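Q: I'd like to ask some things about the structure below.
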Amino acid sequence: MRVVPLALVLAVTGCEGSSGPRAKPATAPTTPVARVCDRPAAGPAKAPAGAVPVDPAVPGDLADQTRSHPPGTTFWLRPGTHRLAPDRYAQVVPKRGNTYLGAPGAVLDGRKTNQYAFGGTAPGVTLRHLTVQGFVAPHNEGVVNHDSADGWVIEHATIQHNSGAGLMAGARQRVRASCLRGNGQYAINAYKGGGRITGLVVEGNEIVGNSTGDWERRRPGCGCTGGAKFWAVDGADIVGNWVHDNRGAGLWADTNNNDFRIEGNVLEDNDGAALIYETSYNAVIRENTIRRNNWVEGRRYADKGDTFPFATVYLSESGGEPRVPARTDRIEVYRNVLENNWSGITLWENADRFCNSPANTSSGACTLLVRDTGRCRQPDIGSAPLYADCRWRTQRVDIHHNRFVLDKAVVDCTVKCDRMAVLANYGTYPDWSPYQGDTVARAITRTQHNRWHHNVYVGPWRFVVQDPSRILDSWQWQGPPYQQDAGSTFRAREGG
């Protein structure tokens, strides 16, 4: 994806001496919050020249007009509540290049009857200034662009109070300046059956209060809730969004995503992590404001006695990989401000999760480095190159020039909310795994080029290395053998 140019200045990682330049205090990013839900941009009050008016007083008029006009037609929805036929599968099926414009007050309402608003495979469809609400898409399905068609543009839209996902995504999709609010599962489910999504842009949106169906409680461990979920997306710009007050994670990239730029967002007050980047590759995460996230889920696990460092930015089996083409060859996390979240950044690698392992929760998926998945078994998996390539590795992660602030009085915690971490579990499963023991834990900690440096810490931070039982103070973290956070500054006093 090359939609927005990205010039990366990649810092050289490795062991750095303390004589280098000290970290400069980071300041909050200046990107304004995208308050589009309270301040929606108004659509055209009159039909543009050549546009076909759609009458809200005629049920199904939008779908009928779409069927009777050629590709490339612009439709103008008059003010009022528009409805489809009272059939669960009734929907609008656009033709190539159609445009749908909402007048001020134009609403397409599914009345808790219709499953989908806009479907089909026609490319290049545009929706602007339209509210879409009240649709009941099934679990893991979406209301707008239900079939993940390519090249859609959704701008100045309000997609709210639907079941399932507010919208799906196809290649080269643009979602801009829209209010994605109160949907049952996700605001966005960027998933395309049988193919990868390229060139996705999500910019300047407000993503708020989603996952009202609380699927994670209904199906524990499903990993199916949050503000936005991304699957097998190759090239994405997630820029300038306000992602807040969602149940579960704010943003979650899960399984073989690559080449993400996550920049200038405000991620706050989400029940779970602000950002999860899981079994994926190559990303730049910079200049985001991340505050008050993970209070609900982090506290829930702590109250259960779980010692795992559940973090606000969680990089799970994800890293930089030069062999996967992208705008960067690492995961770089820099110039972000993290303030009063439940813990900070965790780098994690599950020693038992790899291609063909029963412990691989991305069922049937393998890394982007292996074409013949069947070879990821003994005896081939025990030797190069498959020993490395059959697993997603947390490697080449560069965390620098960030500001981490923690006041435990604000978070209302005493323990387990103050951790940075780089760790793995002790490999045990399956019995043919070549990764048993502490092999992976030692690798992620010592040899996979994961580095913190030139950061600013305010508050009582602790550092977890190799496994959850090794909890260090800043002196131990900076000293041998770990030698992390060279050039960083620490101020133990709580607060900002």
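Residue numbering restarts at 1 in every chain; chains get A, B, ... in the order shown in the structure tokens, and ligands count up from 1 in that same order.
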Applying 7 Å and only C-alpha atoms, which residues near region 279-295 of chain A remain after dropping the ones on its own chain fewer than 6 positions away? List them as number ranges by chain.
A: A: 28-29, 254-273, 312, 316-321, 326, 328-342, 392
Q: Can you write out as JSON lines which residues of region 110-223 of chain A fall within 10 Å of region 231-243 of chain A, alongside each residue's closest atom pair and its distance in Å to one decimal, counting only C-alpha atoms and ordering rows by chain and ascending residue number?
A:
```
{"residue": "A:Ala169", "atom": "CA", "partner": "A:Val233", "partner_atom": "CA", "distance": 9.7}
{"residue": "A:Gly170", "atom": "CA", "partner": "A:Val233", "partner_atom": "CA", "distance": 9.4}
{"residue": "A:Ala171", "atom": "CA", "partner": "A:Val233", "partner_atom": "CA", "distance": 8.5}
{"residue": "A:Arg172", "atom": "CA", "partner": "A:Ala236", "partner_atom": "CA", "distance": 9.1}
{"residue": "A:Gln173", "atom": "CA", "partner": "A:Ala236", "partner_atom": "CA", "distance": 9.7}
{"residue": "A:Arg174", "atom": "CA", "partner": "A:Asp237", "partner_atom": "CA", "distance": 9.7}
{"residue": "A:Val175", "atom": "CA", "partner": "A:Ile238", "partner_atom": "CA", "distance": 9.7}
{"residue": "A:Arg176", "atom": "CA", "partner": "A:Asn241", "partner_atom": "CA", "distance": 9.1}
{"residue": "A:Ala177", "atom": "CA", "partner": "A:Asn241", "partner_atom": "CA", "distance": 8.5}
{"residue": "A:Ser178", "atom": "CA", "partner": "A:Asn241", "partner_atom": "CA", "distance": 9.6}
{"residue": "A:Cys179", "atom": "CA", "partner": "A:Trp242", "partner_atom": "CA", "distance": 9.8}
{"residue": "A:Leu180", "atom": "CA", "partner": "A:Val243", "partner_atom": "CA", "distance": 9.6}
{"residue": "A:Asn189", "atom": "CA", "partner": "A:Trp231", "partner_atom": "CA", "distance": 8.1}
{"residue": "A:Ala190", "atom": "CA", "partner": "A:Trp231", "partner_atom": "CA", "distance": 6.0}
{"residue": "A:Tyr191", "atom": "CA", "partner": "A:Trp231", "partner_atom": "CA", "distance": 5.3}
{"residue": "A:Lys192", "atom": "CA", "partner": "A:Trp231", "partner_atom": "CA", "distance": 7.9}
{"residue": "A:Gly193", "atom": "CA", "partner": "A:Trp231", "partner_atom": "CA", "distance": 9.8}
{"residue": "A:Gly195", "atom": "CA", "partner": "A:Ala232", "partner_atom": "CA", "distance": 7.9}
{"residue": "A:Arg196", "atom": "CA", "partner": "A:Ala232", "partner_atom": "CA", "distance": 5.3}
{"residue": "A:Ile197", "atom": "CA", "partner": "A:Val233", "partner_atom": "CA", "distance": 4.6}
{"residue": "A:Thr198", "atom": "CA", "partner": "A:Asp234", "partner_atom": "CA", "distance": 4.8}
{"residue": "A:Gly199", "atom": "CA", "partner": "A:Gly235", "partner_atom": "CA", "distance": 5.1}
{"residue": "A:Leu200", "atom": "CA", "partner": "A:Ala236", "partner_atom": "CA", "distance": 4.6}
{"residue": "A:Val201", "atom": "CA", "partner": "A:Asp237", "partner_atom": "CA", "distance": 4.9}
{"residue": "A:Val202", "atom": "CA", "partner": "A:Ile238", "partner_atom": "CA", "distance": 4.9}
{"residue": "A:Glu203", "atom": "CA", "partner": "A:Val239", "partner_atom": "CA", "distance": 4.8}
{"residue": "A:Gly204", "atom": "CA", "partner": "A:Asn241", "partner_atom": "CA", "distance": 4.5}
{"residue": "A:Asn205", "atom": "CA", "partner": "A:Asn241", "partner_atom": "CA", "distance": 4.8}
{"residue": "A:Glu206", "atom": "CA", "partner": "A:Trp242", "partner_atom": "CA", "distance": 4.8}
{"residue": "A:Ile207", "atom": "CA", "partner": "A:Val243", "partner_atom": "CA", "distance": 4.7}
{"residue": "A:Val208", "atom": "CA", "partner": "A:Val243", "partner_atom": "CA", "distance": 5.9}
{"residue": "A:Gly209", "atom": "CA", "partner": "A:Val243", "partner_atom": "CA", "distance": 8.9}
{"residue": "A:Asn210", "atom": "CA", "partner": "A:Val243", "partner_atom": "CA", "distance": 9.8}
```
Q: Give me, as a VMD selection string, the residues of region 213-256 of chain A that a backbone DSSP run labels strand (DSSP E or B).
A: chain A and resid 226 to 230 233 to 239 242 to 244 249 to 254
Q: Set the distance at 12 Å and use only C-alpha atoms: which residues neighbour Ser68 (chain A) once local chain neighbours fewer than 4 positions away are removed? I'd like the list as an mmCIF file with N, CA and C atoms, in the first residue's frame.
A:
```
data_model
loop_
_atom_site.group_PDB
_atom_site.id
_atom_site.type_symbol
_atom_site.label_atom_id
_atom_site.label_comp_id
_atom_site.auth_asym_id
_atom_site.auth_seq_id
_atom_site.Cartn_x
_atom_site.Cartn_y
_atom_site.Cartn_z
ATOM 1 N N VAL A 52 -30.213 10.891 -8.430
ATOM 2 C CA VAL A 52 -31.559 10.322 -8.363
ATOM 3 C C VAL A 52 -32.079 10.472 -6.944
ATOM 4 N N ASP A 61 -37.469 1.877 -1.516
ATOM 5 C CA ASP A 61 -37.193 2.717 -2.682
ATOM 6 C C ASP A 61 -35.703 2.756 -3.010
ATOM 7 N N LEU A 62 -34.845 2.742 -1.991
ATOM 8 C CA LEU A 62 -33.406 2.811 -2.239
ATOM 9 C C LEU A 62 -32.933 1.579 -3.002
ATOM 10 N N ALA A 63 -33.365 0.395 -2.585
ATOM 11 C CA ALA A 63 -32.964 -0.821 -3.291
ATOM 12 C C ALA A 63 -33.571 -0.863 -4.688
ATOM 13 N N ASP A 64 -34.821 -0.438 -4.829
ATOM 14 C CA ASP A 64 -35.473 -0.458 -6.140
ATOM 15 C C ASP A 64 -34.798 0.507 -7.113
ATOM 16 N N THR A 73 -24.290 5.590 -10.966
ATOM 17 C CA THR A 73 -25.352 6.541 -10.630
ATOM 18 C C THR A 73 -25.150 7.088 -9.221
ATOM 19 N N PHE A 75 -27.122 8.592 -5.982
ATOM 20 C CA PHE A 75 -28.435 8.608 -5.347
ATOM 21 C C PHE A 75 -28.401 9.571 -4.170
ATOM 22 N N VAL A 92 -29.475 -3.290 -0.019
ATOM 23 C CA VAL A 92 -29.097 -2.553 -1.211
ATOM 24 C C VAL A 92 -27.871 -3.249 -1.809
ATOM 25 N N VAL A 93 -27.936 -3.556 -3.104
ATOM 26 C CA VAL A 93 -26.805 -4.180 -3.806
ATOM 27 C C VAL A 93 -26.307 -3.189 -4.853
ATOM 28 N N PRO A 94 -25.316 -2.369 -4.507
ATOM 29 C CA PRO A 94 -24.860 -1.328 -5.428
ATOM 30 C C PRO A 94 -24.256 -1.913 -6.697
ATOM 31 N N LYS A 95 -24.205 -1.065 -7.713
ATOM 32 C CA LYS A 95 -23.477 -1.362 -8.937
ATOM 33 C C LYS A 95 -22.164 -0.587 -8.929
#
```
Q: Residues of region 2-220 of chain A classed as helix (DSSP H, G or I) by DSSP on the backbone are to be reported as a PyMOL selection string.
A: chain A and resi 61-68+215-218
Q: Smallest atom-to-atom distance to Asn162 (chain A): which of A:Gly213, A:Gly194, A:Gly226, A:Pro86, using only C-alpha atoms?
A: A:Gly213
Q: With distances taken over only C-alpha atoms, which of A:Trp215, A:Trp348, A:Trp152, A:Trp252 is nearest to Asn425 (chain A)?
A: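 Looking only at the distances to Asn425 (chain A), the closest residue turns out to be A:Trp348.
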